Amino acid sequence: MFRILNYLFALHLKRAMAKNLIIVESPAKAKTINKFLGDEFVVTSCYGHIRDLPDGGLNIDIENNYTPNYEVSEEKKDVIKELKKLAKGAKDIYLATDEDREGEAISWHLCDVLGLNPTNAKRITYTEVTEQAIKDAVSHPRTINMDLVNAQQARRVLDRLVGYEISPVLWRKVKPSLSAGRVQSVAVRLIVEREREIRGFKPVASYKIQAYFFVTDKNGKKSTFKAERPANFKTEAEAQKFLDELVNAEFKVSAIEKKPGKRTPAAPFTTSTLQQEASRKLGYSVSKTMLMAQKLYENGHITYMRTDSVHLSDTALDAMEKEIKSKYGKQFYQKRAFTNKNESAQEAHEAIRPSLIENSTVEAENDEVRLYELIWKRSIASQMADAEIEKTTIDIINDKNKETLRAQAEVILFEGFLKVYNESQDEEGDDEEKESQIPPVKEGQVLELKEMNATERFTKPLPRYTEASLVKKLEELGIGRPSTYAPTIGTIQKRNYVLKENREGTERKYKVMTLAGGKVTAHEEKENIGAEKNKLFPTDIGMLVTDFLVENFKDVLDYNFTADVELQFDKVADGKKVWTKMIDDFYKPFHQTVETTTKDAQRVSGERLLGTDPASGEPLIVRMGKFGPMAQIGKTEEGSEKKARYAKLRATQSLETITMEEALELFKLPRTLGQLDGKDIKASIGRFGPYVQQDKLFVSIPKDKDPYTITFEDALTLIRAKAEADANKVIHNFENEGIQVLNGRYGPYIKKGKDNYKIPKGTSPDHLTIEEIMMIIGEQGPTKKSFRGGGGKKFYAKKK
DNA sequence: CAGTGAGCGAGCTTCCGCTTGACTT
């Protein structure tokens, strides 16, 4: 009774003092803003876009001036319901979605759904979530900018047209279920082209001269430092001659130069730079970085994590000044304003920074804490003084030839921002470390040579992309947005165009000649090259699709395509161009290309003839098959005994590079080792590595053995051990019902066909009857298998 | 979880950009 009265009273209150409604995109942001504004405001969120083009079909009326057919998606229906309810009792409604193209469009969709008039709706914007900024925004509402909305519609429609018209061409000409798009196809192209550069790269050798000199100080203490010949010798003979000449030479310091220098801190984080640094410093994948950042954001620890802006609010700048001055002293503070280099930036938010600058760390999961501390350091460092360094260069001459050796060192005179944070670099070019310091020497001082080496060095190809360096490249090209970098990386892996892999390196020998103790000697050393960790490799299908697209859809695959259409979108946003006209200019020729390609283009299979199989005399080819790249010997001919033999390529092999020998090796498997209980025991390599098999039982072959050489006895041992383990796995087996109770990784569970069921807590699996099991199954419904983020394993087409 | 690979052609697949949720062997 009391409760009902209470409710009625609350209802009455609500009616009596109707509040203003503010709609933002993110619920966490709604929470923050709620704190800034008084009782007369209710802040809620629409969770991003509320309407979109539905999945099945284009949903663009081409005949009717490209009219989009927007729909509220299933998962947004509840959001809309709630918004309508709140809107009904509201005094004024403020549309406070992000200040960019997409945000403007969301507000426009909101008008439509909530029955507001875009020409007098209250649209407010702000680029930082601070009390002052929000209050200013609320007192200066504007109306919906339809030009900006139309630019978004153009963007949306163009992406749908490109994606949904090109993908079906791939289904017909390459393989079903493939995809193409303005962003993903260019991302794959980058990786494919880099891979080909690396494969075609011919390392060039040269000889690097490095000398080590002794210096003895006043107290008789000896130390060494390193000097180098500025340029490498091109040939071994030249290097040899150089060392020979310098046997018994006298070395002397000819010049000492000291130059001041400085280093400047990097701008605070955007999404892209955060992903890069978290990858380099913490080893996080881009998706992990975003997941951790999302949690930090939701818990109020950091500002919004999907941003392309390096701007910091005045509130934050003040707090940073205070923090730096009190923690490090005022000589470490330097106010800086950063501006975006990136033209495609839309800057609807602040840079990524701690919400409360004074918190140098937070209470959270370990991985989140590490990311937070990185963000804190980068933010703080961005407002700190330059580091002052001194570069010392020493030239060393000799009495045998006119060559100069040079020693270089850097000393930090004032740490400045380096006290807190130093940005990491991507591995590229020379990885020689710099000397930190050279012992004090005087001009004209004679130096004692410890040893001098001429080391054979090879030029290196450009590095393969990591997830993070690919994001960096995409951002430079203006392709993709902060909210899509991580999903795009996921998409191209899920489509099996690209794999993130480790590769073992190969050994390479190099020559070293040494001058020491008055004579020159030579020896060989070994280095490991080409080892890769978490790098992006294109698959065969990725390469085939890229080649097909570059050949037939050159414009869309062009690295400047996005930049070019962005210029058009800008014209629409400025009211200088009608969006449907812009789309029409693009679509007419594009659609023509789609039609002619569908009609004329050859199917692609990447077929390559490797040679003739020595055993059968039949041709050996490799090509893309229904289930991936494969090798094939001979052809199946109707009416004859001749049958083709097939073998799947290994995950590390590629249609473009596999050799005849490697392909022949594939046909040696499966090997039949012998029989057990009248069934063959075979050894082979499958999707999950090497295995032995008897009937339906598969057992992985351990690392110390391989399927080419494993013996019958060893295979038998493996199979018997596995059979015994499996026997212990079954607790009950109800064969008639097709139901089993099994011991799994997570404890006992019920299995019926392909579905699994939990055993309720407190129930012992040992005495379960079939009736009890049927009850459990009836109540539960099968446990769902995760399809999202499942590591991209579902590459194969579903069977009906 | 580890077999497969003709050609015909049911009926399916696919984009980018905004947002977070849900439960599990």
# chains A, B, ... in the order shown; residues from 1 in each chain; ligands from 1
>>> select_by_dssp(residues="stretch 179-361 of chain A", states="strand (DSSP E or B)", output="VMD selection string")
chain A and resid 205 to 216 222 to 228 233 251 to 263 269 302 333 352 354
>>> write_last_selection(atoms="N, CA, C and O atoms", output="compact mmCIF listing (two decimals), in the first residue's frame")
# COMPACT_ATOMS: atom_id res chain seq x y z
N ALA A 205 74.80 -6.88 -49.47
CA ALA A 205 75.80 -6.93 -48.41
C ALA A 205 76.72 -5.73 -48.48
O ALA A 205 76.96 -5.17 -49.54
N SER A 206 77.20 -5.30 -47.32
CA SER A 206 78.25 -4.29 -47.27
C SER A 206 79.02 -4.54 -45.98
O SER A 206 78.61 -5.35 -45.15
N TYR A 207 80.15 -3.85 -45.83
CA TYR A 207 80.99 -4.11 -44.67
C TYR A 207 81.07 -2.89 -43.77
O TYR A 207 81.47 -1.81 -44.20
N LYS A 208 80.66 -3.10 -42.53
CA LYS A 208 80.65 -2.01 -41.56
C LYS A 208 81.94 -2.06 -40.76
O LYS A 208 82.34 -3.12 -40.28
N ILE A 209 82.58 -0.90 -40.64
CA ILE A 209 83.83 -0.83 -39.88
C ILE A 209 83.57 -0.26 -38.49
O ILE A 209 83.02 0.83 -38.35
N GLN A 210 83.92 -1.05 -37.49
CA GLN A 210 83.77 -0.59 -36.10
C GLN A 210 85.08 -0.78 -35.36
O GLN A 210 85.66 -1.88 -35.39
N ALA A 211 85.53 0.28 -34.70
CA ALA A 211 86.81 0.20 -33.97
C ALA A 211 86.55 0.48 -32.50
O ALA A 211 85.68 1.27 -32.14
N TYR A 212 87.29 -0.21 -31.64
CA TYR A 212 87.18 0.00 -30.20
C TYR A 212 88.52 0.51 -29.69
O TYR A 212 89.57 -0.10 -29.94
N PHE A 213 88.48 1.66 -29.01
CA PHE A 213 89.72 2.27 -28.51
C PHE A 213 89.75 2.27 -26.99
O PHE A 213 88.72 2.42 -26.33
N PHE A 214 90.97 2.11 -26.46
CA PHE A 214 91.18 2.24 -25.01
C PHE A 214 91.43 3.69 -24.67
O PHE A 214 92.12 4.40 -25.41
N VAL A 215 90.91 4.11 -23.53
CA VAL A 215 91.26 5.42 -22.99
C VAL A 215 91.64 5.21 -21.53
O VAL A 215 90.94 4.50 -20.81
N THR A 216 92.75 5.78 -21.12
CA THR A 216 93.16 5.67 -19.72
C THR A 216 93.02 7.03 -19.06
O THR A 216 93.50 8.03 -19.60
N LYS A 222 91.20 2.17 -17.13
CA LYS A 222 91.00 1.99 -18.57
C LYS A 222 89.52 1.83 -18.91
O LYS A 222 88.79 1.13 -18.22
N SER A 223 89.11 2.48 -19.98
CA SER A 223 87.76 2.22 -20.48
C SER A 223 87.83 2.20 -22.01
O SER A 223 88.84 2.57 -22.59
N THR A 224 86.74 1.74 -22.63
CA THR A 224 86.75 1.69 -24.10
C THR A 224 85.57 2.48 -24.66
O THR A 224 84.59 2.72 -23.97
N PHE A 225 85.73 2.88 -25.92
CA PHE A 225 84.58 3.43 -26.63
C PHE A 225 84.65 3.02 -28.09
O PHE A 225 85.69 2.56 -28.57
N LYS A 226 83.53 3.19 -28.77
CA LYS A 226 83.43 2.68 -30.13
C LYS A 226 83.40 3.82 -31.14
O LYS A 226 82.79 4.85 -30.91
N ALA A 227 84.10 3.62 -32.26
CA ALA A 227 84.03 4.57 -33.37
C ALA A 227 83.75 3.80 -34.66
O ALA A 227 84.10 2.62 -34.75
N GLU A 228 83.13 4.47 -35.61
CA GLU A 228 82.77 3.79 -36.86
C GLU A 228 83.21 4.60 -38.07
O GLU A 228 83.31 5.83 -38.01
N PHE A 233 81.83 -0.25 -46.49
CA PHE A 233 82.47 -0.66 -47.74
C PHE A 233 81.55 -1.57 -48.52
O PHE A 233 80.84 -2.40 -47.95
N PHE A 251 96.57 6.05 -34.12
CA PHE A 251 95.28 6.74 -34.20
C PHE A 251 95.30 7.97 -33.30
O PHE A 251 95.87 7.94 -32.20
N LYS A 252 94.67 9.03 -33.80
CA LYS A 252 94.75 10.30 -33.09
C LYS A 252 93.41 11.03 -33.19
O LYS A 252 92.75 10.99 -34.24
N VAL A 253 93.01 11.67 -32.11
CA VAL A 253 91.79 12.47 -32.13
C VAL A 253 92.04 13.73 -32.93
O VAL A 253 92.95 14.50 -32.60
N SER A 254 91.26 13.95 -33.99
CA SER A 254 91.51 15.12 -34.82
C SER A 254 90.53 16.25 -34.54
O SER A 254 90.83 17.41 -34.78
N ALA A 255 89.37 15.92 -34.05
CA ALA A 255 88.38 16.98 -33.78
C ALA A 255 87.37 16.49 -32.76
O ALA A 255 87.03 15.31 -32.71
N ILE A 256 86.95 17.42 -31.93
CA ILE A 256 85.87 17.12 -30.97
C ILE A 256 84.80 18.18 -31.14
O ILE A 256 85.11 19.38 -31.15
N GLU A 257 83.58 17.74 -31.32
CA GLU A 257 82.50 18.72 -31.47
C GLU A 257 81.37 18.40 -30.51
O GLU A 257 80.95 17.25 -30.39
N LYS A 258 80.91 19.43 -29.81
CA LYS A 258 79.78 19.23 -28.90
C LYS A 258 78.64 20.11 -29.34
O LYS A 258 78.82 21.31 -29.54
N LYS A 259 77.47 19.50 -29.55
CA LYS A 259 76.32 20.25 -30.04
C LYS A 259 75.14 20.05 -29.12
O LYS A 259 74.82 18.91 -28.78
N PRO A 260 74.49 21.13 -28.75
CA PRO A 260 73.29 20.94 -27.93
C PRO A 260 72.12 20.48 -28.81
O PRO A 260 72.07 20.77 -30.00
N GLY A 261 71.22 19.75 -28.21
CA GLY A 261 70.03 19.32 -28.95
C GLY A 261 68.87 19.20 -27.99
O GLY A 261 69.04 19.41 -26.78
N LYS A 262 67.70 18.94 -28.52
CA LYS A 262 66.57 18.77 -27.61
C LYS A 262 65.58 17.74 -28.18
O LYS A 262 65.59 17.46 -29.37
N ARG A 263 64.82 17.20 -27.30
CA ARG A 263 63.76 16.29 -27.71
C ARG A 263 62.45 16.82 -27.14
O ARG A 263 62.41 17.41 -26.07
N PHE A 269 47.42 10.97 -26.35
CA PHE A 269 46.92 9.87 -27.16
C PHE A 269 45.63 10.16 -27.93
O PHE A 269 44.71 10.78 -27.40
N ILE A 302 39.14 7.40 -17.48
CA ILE A 302 39.71 8.15 -18.61
C ILE A 302 38.60 8.80 -19.44
O ILE A 302 37.43 8.44 -19.33
N TYR A 333 57.76 22.01 -16.18
CA TYR A 333 56.48 22.30 -16.81
C TYR A 333 56.64 23.16 -18.05
O TYR A 333 57.43 24.10 -18.08
N ILE A 352 42.71 11.28 -25.50
CA ILE A 352 42.51 10.32 -24.41
C ILE A 352 43.43 10.70 -23.25
O ILE A 352 44.65 10.75 -23.41
N PRO A 354 43.62 10.94 -18.54
CA PRO A 354 42.96 10.56 -17.29
C PRO A 354 41.86 11.57 -16.96
O PRO A 354 42.03 12.76 -17.18
>>> residues_around(residues="A:Lys554", least_positions_apart="3", cutoff="12 Å", atoms="only C-alpha atoms (C1' of nucleotides)", output="tab-separated table (two decimals) with N, CA, C and O atoms, in the first residue's frame")
chain	number	residue	atom	x	y	z
A	182	ARG	N	35.33	-0.54	-49.02
A	182	ARG	CA	36.20	0.62	-49.17
A	182	ARG	C	37.38	0.55	-48.21
A	182	ARG	O	38.51	0.89	-48.58
A	185	SER	N	39.27	-3.77	-48.07
A	185	SER	CA	40.01	-4.22	-49.24
A	185	SER	C	41.35	-3.50	-49.38
A	185	SER	O	42.34	-4.08	-49.82
A	186	VAL	N	41.37	-2.23	-48.99
A	186	VAL	CA	42.62	-1.49	-49.04
A	186	VAL	C	43.56	-1.96	-47.94
A	186	VAL	O	44.78	-2.08	-48.13
A	189	ARG	N	45.09	-5.02	-49.17
A	189	ARG	CA	46.04	-4.70	-50.24
A	189	ARG	C	47.39	-4.26	-49.69
A	189	ARG	O	48.45	-4.65	-50.19
A	546	THR	N	42.81	-9.72	-53.71
A	546	THR	CA	43.43	-8.42	-53.95
A	546	THR	C	43.78	-8.24	-55.43
A	546	THR	O	43.48	-7.20	-56.03
A	547	ASP	N	44.40	-9.26	-56.01
A	547	ASP	CA	44.76	-9.16	-57.43
A	547	ASP	C	43.52	-8.95	-58.30
A	547	ASP	O	43.52	-8.12	-59.21
A	548	PHE	N	42.48	-9.70	-57.97
A	548	PHE	CA	41.24	-9.58	-58.75
A	548	PHE	C	40.65	-8.18	-58.63
A	548	PHE	O	40.23	-7.57	-59.62
A	549	LEU	N	40.63	-7.66	-57.41
A	549	LEU	CA	40.04	-6.34	-57.18
A	549	LEU	C	40.87	-5.23	-57.79
A	549	LEU	O	40.34	-4.29	-58.38
A	550	VAL	N	42.19	-5.33	-57.67
A	550	VAL	CA	43.05	-4.29	-58.23
A	550	VAL	C	42.89	-4.26	-59.75
A	550	VAL	O	42.86	-3.20	-60.37
A	551	GLU	N	42.75	-5.45	-60.33
A	551	GLU	CA	42.61	-5.49	-61.78
A	551	GLU	C	41.26	-4.94	-62.24
A	551	GLU	O	41.19	-4.21	-63.22
A	557	LEU	N	40.12	0.45	-55.13
A	557	LEU	CA	41.28	-0.10	-54.43
A	557	LEU	C	42.42	0.90	-54.33
A	557	LEU	O	43.42	0.66	-53.66
A	558	ASP	N	42.29	2.03	-55.02
A	558	ASP	CA	43.32	3.06	-54.99
A	558	ASP	C	43.49	3.59	-53.57
A	558	ASP	O	42.52	3.79	-52.84
A	559	TYR	N	44.77	3.77	-53.17
A	559	TYR	CA	45.02	4.25	-51.81
A	559	TYR	C	44.43	5.64	-51.57
A	559	TYR	O	44.24	6.06	-50.44
A	560	ASN	N	44.15	6.37	-52.64
A	560	ASN	CA	43.58	7.71	-52.48
A	560	ASN	C	42.07	7.76	-52.63
A	560	ASN	O	41.47	8.83	-52.58
A	561	PHE	N	41.46	6.59	-52.85
A	561	PHE	CA	40.01	6.60	-53.08
A	561	PHE	C	39.25	7.27	-51.93
A	561	PHE	O	38.43	8.16	-52.14
A	590	PHE	N	30.61	3.17	-61.81
A	590	PHE	CA	30.95	2.04	-60.94
A	590	PHE	C	30.09	0.84	-61.25
A	590	PHE	O	30.58	-0.28	-61.42
A	593	THR	N	31.07	-0.96	-64.32
A	593	THR	CA	32.23	-1.84	-64.08
A	593	THR	C	31.79	-3.16	-63.46
A	593	THR	O	32.28	-4.23	-63.82
A	594	VAL	N	30.87	-3.06	-62.49
A	594	VAL	CA	30.37	-4.27	-61.84
A	594	VAL	C	29.74	-5.20	-62.89
A	594	VAL	O	30.01	-6.40	-62.91
>>> closest_residue(among="B:DA6, B:DC15, B:DC23, B:DC1", to="chain A", atoms="only C-alpha atoms (C1' of nucleotides)")
B:DC15
>>> atom_distance(atom1="atom CA of A:Ala137", atom2="atom CA of A:Pro27")
18.6 Å
>>> interface_residues(of="chain B", to="chain A", cutoff="9 Å", atoms="only C-alpha atoms (C1' of nucleotides)", output="list in words")
DC1, DA2, DT4, DG5, DA6, DC12, DT13, DT14, DC15, DC16, DG17, DC18, DT19, DT20, DT24 and DT25 of chain B
>>> atom_distance(atom1="atom CA of A:Thr393", atom2="atom CA of A:Glu443")
11.8 Å
>>> select_by_dssp(residues="stretch 158-219 of chain A", states="alpha helix (DSSP H)", output="NGL selection string")
:A and (158-173 or 184-199)
>>> write_last_selection(atoms="N, CA, C and O atoms", output="short mmCIF file (atom, residue, chain, number, x, y, z; two decimals), in the first residue's frame")
data_model
loop_
_atom_site.label_atom_id
_atom_site.label_comp_id
_atom_site.auth_asym_id
_atom_site.auth_seq_id
_atom_site.Cartn_x
_atom_site.Cartn_y
_atom_site.Cartn_z
N LEU A 158 27.37 5.22 -50.12
CA LEU A 158 28.52 4.82 -50.92
C LEU A 158 29.14 3.52 -50.39
O LEU A 158 29.45 2.60 -51.16
N ASP A 159 29.30 3.43 -49.08
CA ASP A 159 29.89 2.22 -48.51
C ASP A 159 29.02 1.00 -48.77
O ASP A 159 29.52 -0.09 -49.06
N ARG A 160 27.71 1.18 -48.69
CA ARG A 160 26.81 0.05 -48.96
C ARG A 160 26.91 -0.37 -50.43
O ARG A 160 26.99 -1.55 -50.74
N LEU A 161 26.92 0.63 -51.32
CA LEU A 161 26.99 0.31 -52.75
C LEU A 161 28.29 -0.43 -53.09
O LEU A 161 28.29 -1.45 -53.77
N VAL A 162 29.39 0.09 -52.58
CA VAL A 162 30.69 -0.53 -52.85
C VAL A 162 30.72 -1.96 -52.30
O VAL A 162 31.02 -2.92 -53.00
N GLY A 163 30.36 -2.09 -51.04
CA GLY A 163 30.45 -3.40 -50.39
C GLY A 163 29.50 -4.42 -50.97
O GLY A 163 29.88 -5.56 -51.24
N TYR A 164 28.24 -4.01 -51.19
CA TYR A 164 27.21 -4.96 -51.59
C TYR A 164 27.16 -5.20 -53.10
O TYR A 164 26.45 -6.08 -53.55
N GLU A 165 27.87 -4.39 -53.87
CA GLU A 165 27.92 -4.70 -55.30
C GLU A 165 29.19 -5.45 -55.66
O GLU A 165 29.18 -6.27 -56.57
N ILE A 166 30.28 -5.17 -54.97
CA ILE A 166 31.52 -5.88 -55.32
C ILE A 166 31.55 -7.28 -54.71
O ILE A 166 31.97 -8.23 -55.37
N SER A 167 31.08 -7.43 -53.47
CA SER A 167 31.17 -8.75 -52.84
C SER A 167 30.55 -9.85 -53.70
O SER A 167 31.19 -10.90 -53.90
N PRO A 168 29.34 -9.68 -54.24
CA PRO A 168 28.77 -10.75 -55.07
C PRO A 168 29.61 -11.09 -56.31
O PRO A 168 29.59 -12.24 -56.76
N VAL A 169 30.35 -10.11 -56.81
CA VAL A 169 31.24 -10.41 -57.94
C VAL A 169 32.31 -11.41 -57.47
O VAL A 169 32.63 -12.38 -58.18
N LEU A 170 32.81 -11.20 -56.25
CA LEU A 170 33.81 -12.13 -55.71
C LEU A 170 33.21 -13.53 -55.53
O LEU A 170 33.87 -14.53 -55.78
N TRP A 171 31.93 -13.59 -55.10
CA TRP A 171 31.30 -14.91 -54.90
C TRP A 171 31.30 -15.70 -56.20
O TRP A 171 31.47 -16.90 -56.22
N ARG A 172 31.06 -14.97 -57.29
CA ARG A 172 30.97 -15.66 -58.58
C ARG A 172 32.33 -15.96 -59.17
O ARG A 172 32.52 -16.97 -59.84
N LYS A 173 33.27 -15.05 -58.96
CA LYS A 173 34.55 -15.19 -59.66
C LYS A 173 35.67 -15.80 -58.82
O LYS A 173 36.68 -16.22 -59.36
N GLN A 184 38.23 -2.37 -45.83
CA GLN A 184 38.89 -3.65 -45.65
C GLN A 184 39.74 -4.05 -46.86
O GLN A 184 40.83 -4.62 -46.69
N SER A 185 39.27 -3.77 -48.07
CA SER A 185 40.01 -4.22 -49.24
C SER A 185 41.35 -3.50 -49.38
O SER A 185 42.34 -4.08 -49.82
N VAL A 186 41.37 -2.23 -48.99
CA VAL A 186 42.62 -1.49 -49.04
C VAL A 186 43.56 -1.96 -47.94
O VAL A 186 44.78 -2.08 -48.13
N ALA A 187 43.01 -2.28 -46.78
CA ALA A 187 43.82 -2.80 -45.67
C ALA A 187 44.52 -4.09 -46.10
O ALA A 187 45.72 -4.27 -45.88
N VAL A 188 43.77 -4.97 -46.76
CA VAL A 188 44.35 -6.23 -47.22
C VAL A 188 45.40 -5.96 -48.30
O VAL A 188 46.47 -6.56 -48.32
N ARG A 189 45.09 -5.02 -49.17
CA ARG A 189 46.04 -4.70 -50.24
C ARG A 189 47.39 -4.26 -49.69
O ARG A 189 48.45 -4.65 -50.19
N LEU A 190 47.35 -3.44 -48.64
CA LEU A 190 48.60 -2.99 -48.02
C LEU A 190 49.45 -4.18 -47.58
O LEU A 190 50.66 -4.22 -47.80
N ILE A 191 48.78 -5.15 -46.97
CA ILE A 191 49.51 -6.30 -46.44
C ILE A 191 50.02 -7.19 -47.57
O ILE A 191 51.15 -7.69 -47.52
N VAL A 192 49.21 -7.36 -48.60
CA VAL A 192 49.62 -8.18 -49.74
C VAL A 192 50.83 -7.55 -50.43
O VAL A 192 51.82 -8.23 -50.73
N GLU A 193 50.78 -6.26 -50.65
CA GLU A 193 51.89 -5.62 -51.37
C GLU A 193 53.16 -5.61 -50.54
O GLU A 193 54.26 -5.80 -51.08
N ARG A 194 53.02 -5.42 -49.24
CA ARG A 194 54.20 -5.47 -48.38
C ARG A 194 54.83 -6.86 -48.42
O ARG A 194 56.05 -7.01 -48.51
N GLU A 195 53.99 -7.89 -48.40
CA GLU A 195 54.49 -9.26 -48.41
C GLU A 195 55.27 -9.54 -49.70
O GLU A 195 56.33 -10.16 -49.69
N ARG A 196 54.75 -9.04 -50.81
CA ARG A 196 55.43 -9.28 -52.09
C ARG A 196 56.76 -8.54 -52.15
O ARG A 196 57.73 -9.04 -52.70
N GLU A 197 56.78 -7.33 -51.58
CA GLU A 197 58.05 -6.59 -51.51
C GLU A 197 59.08 -7.39 -50.74
O GLU A 197 60.24 -7.48 -51.13
N ILE A 198 58.62 -7.96 -49.62
CA ILE A 198 59.54 -8.70 -48.76
C ILE A 198 60.03 -9.97 -49.47
O ILE A 198 61.21 -10.29 -49.45
N ARG A 199 59.11 -10.66 -50.13
CA ARG A 199 59.49 -11.88 -50.84
C ARG A 199 60.45 -11.60 -51.99
O ARG A 199 61.32 -12.39 -52.29
#
>>> atom_distance(atom1="atom CA of A:Tyr126", atom2="atom CA of A:Glu343")
19.9 Å
>>> residues_around(residues="stretch 706-717 of chain A", least_positions_apart="2", cutoff="9 Å", atoms="only C-alpha atoms (C1' of nucleotides)", output="VMD selection string")
chain A and resid 668 to 676 681 to 685 690 to 693 699 701 to 704 719 to 722
>>> closest_residue(among="A:Tyr510, A:Asn342, A:Gly89, A:Glu501", to="A:Lys473", atoms="only C-alpha atoms")
A:Asn342
>>> closest_residue(among="A:Arg623, A:Ile394, A:Ser287, A:Pro230", to="A:Leu610", atoms="only C-alpha atoms")
A:Arg623
